[in-house]
Amino acid sequence: MNSFVVGDHHKCIGCGACVIACAAAHLDGEILDAQRCDTPFTPRVTLVYTPEVTMPVQCRQCEGAPCAKACPENAISFKNGSVQIESELCVGCKLCMYVCPFGAMRVAPRPESETQQEQGNLEVADKLPYVAQKCDLCTQRENGPACVQVCPAQALQLVSPDRMIHSVRDRRKAAVDRMPSFTRI
């Protein structure tokens, strides 16, 4: 079982703080410099808005991840406790998007410098102008996922394997406690 971020649609207020924090956590520079530098805004979390509910959609860090199995370039693998994308290997084919059961994969513009390769004196485009992205649990951040840290409604939580095991055990115990007792005749 892997750690993942889960959202509570009862608590989510749809403010978008998680989206901004996610994009900022994955910038090479400062968020305030992003517009001046023409940096693409590429969060790895999406907010889904409906009339009844707002819900953040993120990667569930699947065991045996379908996105990793579908990737023809083996650019998606399990590392550091989460499913990671090696953008330098990704060719932008979008197969991972089609197979993700949660809709958590997306493609973002690839920096132009990464789409070209030199062959002799010629520059040849060898990759599509997009690269796959998804929640990586902010493994580069000391404080964990930025979205969880900034959510004003505390609608996002990092679920660890230990926490999941305790939750399942507690639910099973509660179910047994609710069962009627039977006496033998």
# chains A, B, ... in the order shown; residues from 1 in each chain; ligands from 1
>>> residues_around(residues="Lys79 of chain A", least_positions_apart="5", cutoff="12 Å", atoms="only C-alpha atoms", output="PDB file with all heavy atoms, in the first residue's frame")
ATOM      1  N   ASN A   2       0.506   2.259  -0.759  1.00  0.00           N
ATOM      2  CA  ASN A   2       1.299   3.463  -0.900  1.00  0.00           C
ATOM      3  C   ASN A   2       0.597   4.656  -0.251  1.00  0.00           C
ATOM      4  O   ASN A   2      -0.620   4.658  -0.109  1.00  0.00           O
ATOM      5  CB  ASN A   2       1.510   3.781  -2.381  1.00  0.00           C
ATOM      6  CG  ASN A   2       2.113   2.613  -3.117  1.00  0.00           C
ATOM      7  OD1 ASN A   2       2.976   1.928  -2.598  1.00  0.00           O
ATOM      8  ND2 ASN A   2       1.657   2.374  -4.331  1.00  0.00           N
ATOM      9  N   SER A   3       1.370   5.667   0.080  1.00  0.00           N
ATOM     10  CA  SER A   3       0.789   6.915   0.562  1.00  0.00           C
ATOM     11  C   SER A   3       0.135   7.632  -0.607  1.00  0.00           C
ATOM     12  O   SER A   3       0.563   7.506  -1.751  1.00  0.00           O
ATOM     13  CB  SER A   3       1.871   7.809   1.156  1.00  0.00           C
ATOM     14  OG  SER A   3       2.415   7.233   2.314  1.00  0.00           O
ATOM     15  N   GLN A  61      -1.513   6.963  -6.432  1.00  0.00           N
ATOM     16  CA  GLN A  61      -0.249   6.233  -6.291  1.00  0.00           C
ATOM     17  C   GLN A  61      -0.506   4.728  -6.289  1.00  0.00           C
ATOM     18  O   GLN A  61      -0.065   3.987  -5.416  1.00  0.00           O
ATOM     19  CB  GLN A  61       0.489   6.674  -5.022  1.00  0.00           C
ATOM     20  CG  GLN A  61       0.607   8.154  -4.813  1.00  0.00           C
ATOM     21  CD  GLN A  61       1.374   8.903  -5.894  1.00  0.00           C
ATOM     22  OE1 GLN A  61       2.201   8.339  -6.602  1.00  0.00           O
ATOM     23  NE2 GLN A  61       1.085  10.175  -6.048  1.00  0.00           N
ATOM     24  N   GLU A  63      -0.818   0.749  -6.602  1.00  0.00           N
ATOM     25  CA  GLU A  63       0.064  -0.417  -6.667  1.00  0.00           C
ATOM     26  C   GLU A  63      -0.161  -1.020  -8.050  1.00  0.00           C
ATOM     27  O   GLU A  63      -1.292  -1.140  -8.502  1.00  0.00           O
ATOM     28  CB  GLU A  63      -0.337  -1.442  -5.605  1.00  0.00           C
ATOM     29  CG  GLU A  63      -0.223  -0.930  -4.202  1.00  0.00           C
ATOM     30  CD  GLU A  63       0.880  -1.609  -3.427  1.00  0.00           C
ATOM     31  OE1 GLU A  63       1.405  -2.634  -3.880  1.00  0.00           O
ATOM     32  OE2 GLU A  63       1.198  -1.089  -2.356  1.00  0.00           O
ATOM     33  N   ALA A  68       1.939   3.287 -15.446  1.00  0.00           N
ATOM     34  CA  ALA A  68       3.304   2.770 -15.611  1.00  0.00           C
ATOM     35  C   ALA A  68       3.316   1.583 -16.580  1.00  0.00           C
ATOM     36  O   ALA A  68       4.226   1.453 -17.401  1.00  0.00           O
ATOM     37  CB  ALA A  68       3.898   2.363 -14.271  1.00  0.00           C
ATOM     38  N   GLN A  84       6.292   7.900  -9.973  1.00  0.00           N
ATOM     39  CA  GLN A  84       7.012   9.077 -10.477  1.00  0.00           C
ATOM     40  C   GLN A  84       7.138   9.027 -11.993  1.00  0.00           C
ATOM     41  O   GLN A  84       7.197   7.952 -12.592  1.00  0.00           O
ATOM     42  CB  GLN A  84       8.423   9.136  -9.876  1.00  0.00           C
ATOM     43  CG  GLN A  84       8.442   9.245  -8.367  1.00  0.00           C
ATOM     44  CD  GLN A  84       8.014  10.615  -7.892  1.00  0.00           C
ATOM     45  OE1 GLN A  84       8.420  11.631  -8.443  1.00  0.00           O
ATOM     46  NE2 GLN A  84       7.177  10.641  -6.874  1.00  0.00           N
ATOM     47  N   ILE A  85       7.210  10.205 -12.602  1.00  0.00           N
ATOM     48  CA  ILE A  85       7.415  10.324 -14.048  1.00  0.00           C
ATOM     49  C   ILE A  85       8.795  10.915 -14.286  1.00  0.00           C
ATOM     50  O   ILE A  85       9.142  11.945 -13.710  1.00  0.00           O
ATOM     51  CB  ILE A  85       6.354  11.238 -14.691  1.00  0.00           C
ATOM     52  CG1 ILE A  85       4.963  10.672 -14.475  1.00  0.00           C
ATOM     53  CG2 ILE A  85       6.643  11.425 -16.180  1.00  0.00           C
ATOM     54  CD1 ILE A  85       3.845  11.582 -14.911  1.00  0.00           C
ATOM     55  N   GLU A  86       9.561  10.253 -15.116  1.00  0.00           N
ATOM     56  CA  GLU A  86      10.853  10.796 -15.538  1.00  0.00           C
ATOM     57  C   GLU A  86      10.593  11.561 -16.826  1.00  0.00           C
ATOM     58  O   GLU A  86      10.505  10.970 -17.901  1.00  0.00           O
ATOM     59  CB  GLU A  86      11.870   9.678 -15.745  1.00  0.00           C
ATOM     60  CG  GLU A  86      12.251   8.989 -14.450  1.00  0.00           C
ATOM     61  CD  GLU A  86      13.285   7.909 -14.655  1.00  0.00           C
ATOM     62  OE1 GLU A  86      14.339   8.207 -15.264  1.00  0.00           O
ATOM     63  OE2 GLU A  86      13.015   6.772 -14.235  1.00  0.00           O
ATOM     64  N   ASP A 136       3.138  13.958  -7.444  1.00  0.00           N
ATOM     65  CA  ASP A 136       4.319  13.189  -7.048  1.00  0.00           C
ATOM     66  C   ASP A 136       4.528  13.250  -5.536  1.00  0.00           C
ATOM     67  O   ASP A 136       5.598  12.947  -5.036  1.00  0.00           O
ATOM     68  CB  ASP A 136       5.557  13.676  -7.790  1.00  0.00           C
ATOM     69  CG  ASP A 136       5.866  15.145  -7.533  1.00  0.00           C
ATOM     70  OD1 ASP A 136       5.146  15.790  -6.747  1.00  0.00           O
ATOM     71  OD2 ASP A 136       6.824  15.653  -8.133  1.00  0.00           O
ATOM     72  N   LEU A 137       3.475  13.661  -4.821  1.00  0.00           N
ATOM     73  CA  LEU A 137       3.502  13.814  -3.362  1.00  0.00           C
ATOM     74  C   LEU A 137       4.558  14.824  -2.914  1.00  0.00           C
ATOM     75  O   LEU A 137       4.996  14.805  -1.775  1.00  0.00           O
ATOM     76  CB  LEU A 137       3.712  12.478  -2.649  1.00  0.00           C
ATOM     77  CG  LEU A 137       2.619  11.442  -2.841  1.00  0.00           C
ATOM     78  CD1 LEU A 137       2.975  10.148  -2.123  1.00  0.00           C
ATOM     79  CD2 LEU A 137       1.275  11.968  -2.340  1.00  0.00           C
ATOM     80  N   THR A 139       7.693  15.070  -3.416  1.00  0.00           N
ATOM     81  CA  THR A 139       8.833  14.380  -2.807  1.00  0.00           C
ATOM     82  C   THR A 139      10.049  15.285  -2.664  1.00  0.00           C
ATOM     83  O   THR A 139      10.923  15.001  -1.855  1.00  0.00           O
ATOM     84  CB  THR A 139       9.221  13.127  -3.622  1.00  0.00           C
ATOM     85  OG1 THR A 139       9.462  13.507  -4.978  1.00  0.00           O
ATOM     86  CG2 THR A 139       8.128  12.078  -3.555  1.00  0.00           C
TER      87      THR A 139
END
>>> select_by_dssp(residues="chain A", states="helix (DSSP H, G or I)", output="PyMOL selection string")
chain A and resi 17-25+31-33+66-70+95-99+112-114+146-150+161-178
>>> residues_around(residues="Met164 of chain A", least_positions_apart="4", cutoff="12 Å", atoms="only C-alpha atoms", output="tab-separated table (two decimals) with N, CA, C and O atoms, in the first residue's frame")
chain	number	residue	atom	x	y	z
A	1	MET	N	0.85	-1.17	0.00
A	1	MET	CA	0.00	0.00	0.00
A	1	MET	C	0.90	1.24	0.00
A	1	MET	O	1.91	1.28	0.67
A	2	ASN	N	0.51	2.26	-0.76
A	2	ASN	CA	1.30	3.46	-0.90
A	2	ASN	C	0.60	4.66	-0.25
A	2	ASN	O	-0.62	4.66	-0.11
A	3	SER	N	1.37	5.67	0.08
A	3	SER	CA	0.79	6.91	0.56
A	3	SER	C	0.14	7.63	-0.61
A	3	SER	O	0.56	7.51	-1.75
A	4	PHE	N	-0.92	8.41	-0.32
A	4	PHE	CA	-1.57	9.22	-1.34
A	4	PHE	C	-2.32	10.35	-0.65
A	4	PHE	O	-2.56	10.31	0.56
A	5	VAL	N	-2.69	11.37	-1.43
A	5	VAL	CA	-3.46	12.49	-0.91
A	5	VAL	C	-4.91	12.26	-1.27
A	5	VAL	O	-5.23	11.90	-2.41
A	6	VAL	N	-5.79	12.45	-0.30
A	6	VAL	CA	-7.22	12.28	-0.54
A	6	VAL	C	-7.94	13.56	-0.10
A	6	VAL	O	-7.53	14.21	0.85
A	157	GLN	N	-5.80	15.42	2.91
A	157	GLN	CA	-5.00	14.68	3.90
A	157	GLN	C	-4.05	13.74	3.20
A	157	GLN	O	-4.41	13.15	2.18
A	158	LEU	N	-2.86	13.60	3.75
A	158	LEU	CA	-1.93	12.59	3.26
A	158	LEU	C	-2.24	11.31	4.01
A	158	LEU	O	-2.17	11.26	5.24
A	159	VAL	N	-2.62	10.29	3.26
A	159	VAL	CA	-2.96	9.00	3.85
A	159	VAL	C	-1.75	8.09	3.72
A	159	VAL	O	-1.31	7.79	2.62
A	160	SER	N	-1.22	7.67	4.85
A	160	SER	CA	-0.06	6.78	4.86
A	160	SER	C	-0.54	5.33	5.00
A	160	SER	O	-1.66	5.08	5.46
A	168	VAL	N	-8.80	0.75	8.64
A	168	VAL	CA	-9.48	-0.50	8.28
A	168	VAL	C	-9.76	-1.32	9.53
A	168	VAL	O	-10.87	-1.84	9.72
A	169	ARG	N	-8.78	-1.42	10.43
A	169	ARG	CA	-8.97	-2.17	11.67
A	169	ARG	C	-10.09	-1.57	12.52
A	169	ARG	O	-10.96	-2.29	13.03
A	170	ASP	N	-10.12	-0.24	12.62
A	170	ASP	CA	-11.16	0.42	13.41
A	170	ASP	C	-12.54	0.22	12.80
A	170	ASP	O	-13.52	0.01	13.53
A	171	ARG	N	-12.64	0.26	11.48
A	171	ARG	CA	-13.94	0.05	10.83
A	171	ARG	C	-14.42	-1.38	11.02
A	171	ARG	O	-15.62	-1.62	11.23
>>> closest_residue(among="A:Lys69, A:Arg110, A:Lys134, A:His9", to="Val45 of chain A", atoms="only C-alpha atoms")
A:Lys134
>>> closest_residue(among="A:His10, A:Asn143, A:Arg44, A:Gly92", to="Ala23 of chain A", atoms="only C-alpha atoms")
A:Arg44
>>> atom_distance(atom1="atom CA of Val131 of chain A", atom2="atom CA of Ala75 of chain A")
10.3 Å
>>> select_by_dssp(residues="segment 1-96 of chain A", states="strand (DSSP E)", output="MDAnalysis selection string")
chainID A and resid 4:7 46:49 54:57 76:79 82:85
>>> residues_around(residues="segment 17-19 of chain A", least_positions_apart="5", cutoff="9 Å", atoms="only C-alpha atoms", output="list in words")
Ala24, Thr42, Pro43, Arg44, Val45, Thr46, Leu47, Pro56, Ala146, Cys147, Val148, Gln149, Val150, Cys151, Pro152 and Leu156 of chain A
>>> write_last_selection(atoms="N, CA, C and O atoms", output="mmCIF file, in the first residue's frame")
data_model
loop_
_atom_site.group_PDB
_atom_site.id
_atom_site.type_symbol
_atom_site.label_atom_id
_atom_site.label_comp_id
_atom_site.auth_asym_id
_atom_site.auth_seq_id
_atom_site.Cartn_x
_atom_site.Cartn_y
_atom_site.Cartn_z
ATOM 1 N N ALA A 24 3.172 26.127 -7.689
ATOM 2 C CA ALA A 24 4.328 26.832 -7.114
ATOM 3 C C ALA A 24 5.391 25.861 -6.624
ATOM 4 O O ALA A 24 6.588 26.113 -6.772
ATOM 5 N N THR A 42 1.392 24.871 -14.351
ATOM 6 C CA THR A 42 1.139 23.434 -14.493
ATOM 7 C C THR A 42 0.964 22.740 -13.146
ATOM 8 O O THR A 42 1.850 22.039 -12.681
ATOM 9 N N PRO A 43 -0.197 22.918 -12.513
ATOM 10 C CA PRO A 43 -0.456 22.183 -11.267
ATOM 11 C C PRO A 43 -0.672 20.704 -11.556
ATOM 12 O O PRO A 43 -1.044 20.325 -12.669
ATOM 13 N N ARG A 44 -0.457 19.887 -10.562
ATOM 14 C CA ARG A 44 -0.647 18.441 -10.711
ATOM 15 C C ARG A 44 -1.886 17.959 -9.963
ATOM 16 O O ARG A 44 -2.083 16.775 -9.789
ATOM 17 N N VAL A 45 -2.693 18.896 -9.529
ATOM 18 C CA VAL A 45 -3.987 18.614 -8.913
ATOM 19 C C VAL A 45 -5.022 19.410 -9.706
ATOM 20 O O VAL A 45 -4.738 20.499 -10.182
ATOM 21 N N THR A 46 -6.208 18.841 -9.855
ATOM 22 C CA THR A 46 -7.293 19.495 -10.573
ATOM 23 C C THR A 46 -8.485 19.596 -9.646
ATOM 24 O O THR A 46 -8.779 18.660 -8.907
ATOM 25 N N LEU A 47 -9.174 20.719 -9.690
ATOM 26 C CA LEU A 47 -10.420 20.853 -8.945
ATOM 27 C C LEU A 47 -11.573 20.602 -9.904
ATOM 28 O O LEU A 47 -11.632 21.180 -10.982
ATOM 29 N N PRO A 56 -11.062 18.007 -5.201
ATOM 30 C CA PRO A 56 -9.741 17.904 -5.828
ATOM 31 C C PRO A 56 -9.513 16.479 -6.334
ATOM 32 O O PRO A 56 -9.893 15.517 -5.683
ATOM 33 N N ALA A 146 2.432 20.104 -0.846
ATOM 34 C CA ALA A 146 2.097 21.522 -0.653
ATOM 35 C C ALA A 146 0.598 21.730 -0.536
ATOM 36 O O ALA A 146 0.133 22.564 0.246
ATOM 37 N N CYS A 147 -0.178 20.962 -1.292
ATOM 38 C CA CYS A 147 -1.638 21.124 -1.277
ATOM 39 C C CYS A 147 -2.217 20.854 0.107
ATOM 40 O O CYS A 147 -3.110 21.574 0.574
ATOM 41 N N VAL A 148 -1.716 19.833 0.773
ATOM 42 C CA VAL A 148 -2.193 19.486 2.111
ATOM 43 C C VAL A 148 -1.845 20.597 3.094
ATOM 44 O O VAL A 148 -2.658 20.986 3.936
ATOM 45 N N GLN A 149 -0.648 21.136 2.950
ATOM 46 C CA GLN A 149 -0.158 22.154 3.871
ATOM 47 C C GLN A 149 -0.959 23.455 3.779
ATOM 48 O O GLN A 149 -1.176 24.107 4.784
ATOM 49 N N VAL A 150 -1.415 23.841 2.574
ATOM 50 C CA VAL A 150 -2.058 25.149 2.420
ATOM 51 C C VAL A 150 -3.578 25.131 2.470
ATOM 52 O O VAL A 150 -4.193 26.189 2.542
ATOM 53 N N CYS A 151 -4.205 23.990 2.435
ATOM 54 C CA CYS A 151 -5.671 23.930 2.373
ATOM 55 C C CYS A 151 -6.298 24.594 3.603
ATOM 56 O O CYS A 151 -6.152 24.092 4.721
ATOM 57 N N PRO A 152 -7.026 25.715 3.404
ATOM 58 C CA PRO A 152 -7.598 26.407 4.561
ATOM 59 C C PRO A 152 -8.743 25.636 5.223
ATOM 60 O O PRO A 152 -9.037 25.853 6.398
ATOM 61 N N LEU A 156 -7.797 18.288 2.481
ATOM 62 C CA LEU A 156 -6.837 17.342 1.929
ATOM 63 C C LEU A 156 -6.021 16.715 3.042
ATOM 64 O O LEU A 156 -5.607 17.391 3.977
#
>>> atom_distance(atom1="atom CA of Pro72 of chain A", atom2="atom CA of Arg60 of chain A")
21.1 Å
>>> atom_distance(atom1="atom CA of Met97 of chain A", atom2="atom CA of Ala65 of chain A")
11.9 Å
>>> closest_residue(among="A:Cys12, A:Val57, A:Ala25, A:Ala108", to="Val91 of chain A", atoms="only C-alpha atoms")
A:Ala108
>>> closest_residue(among="A:Cys67, A:Met105, A:Leu89, A:Val99", to="Cys135 of chain A", atoms="only C-alpha atoms")
A:Met105
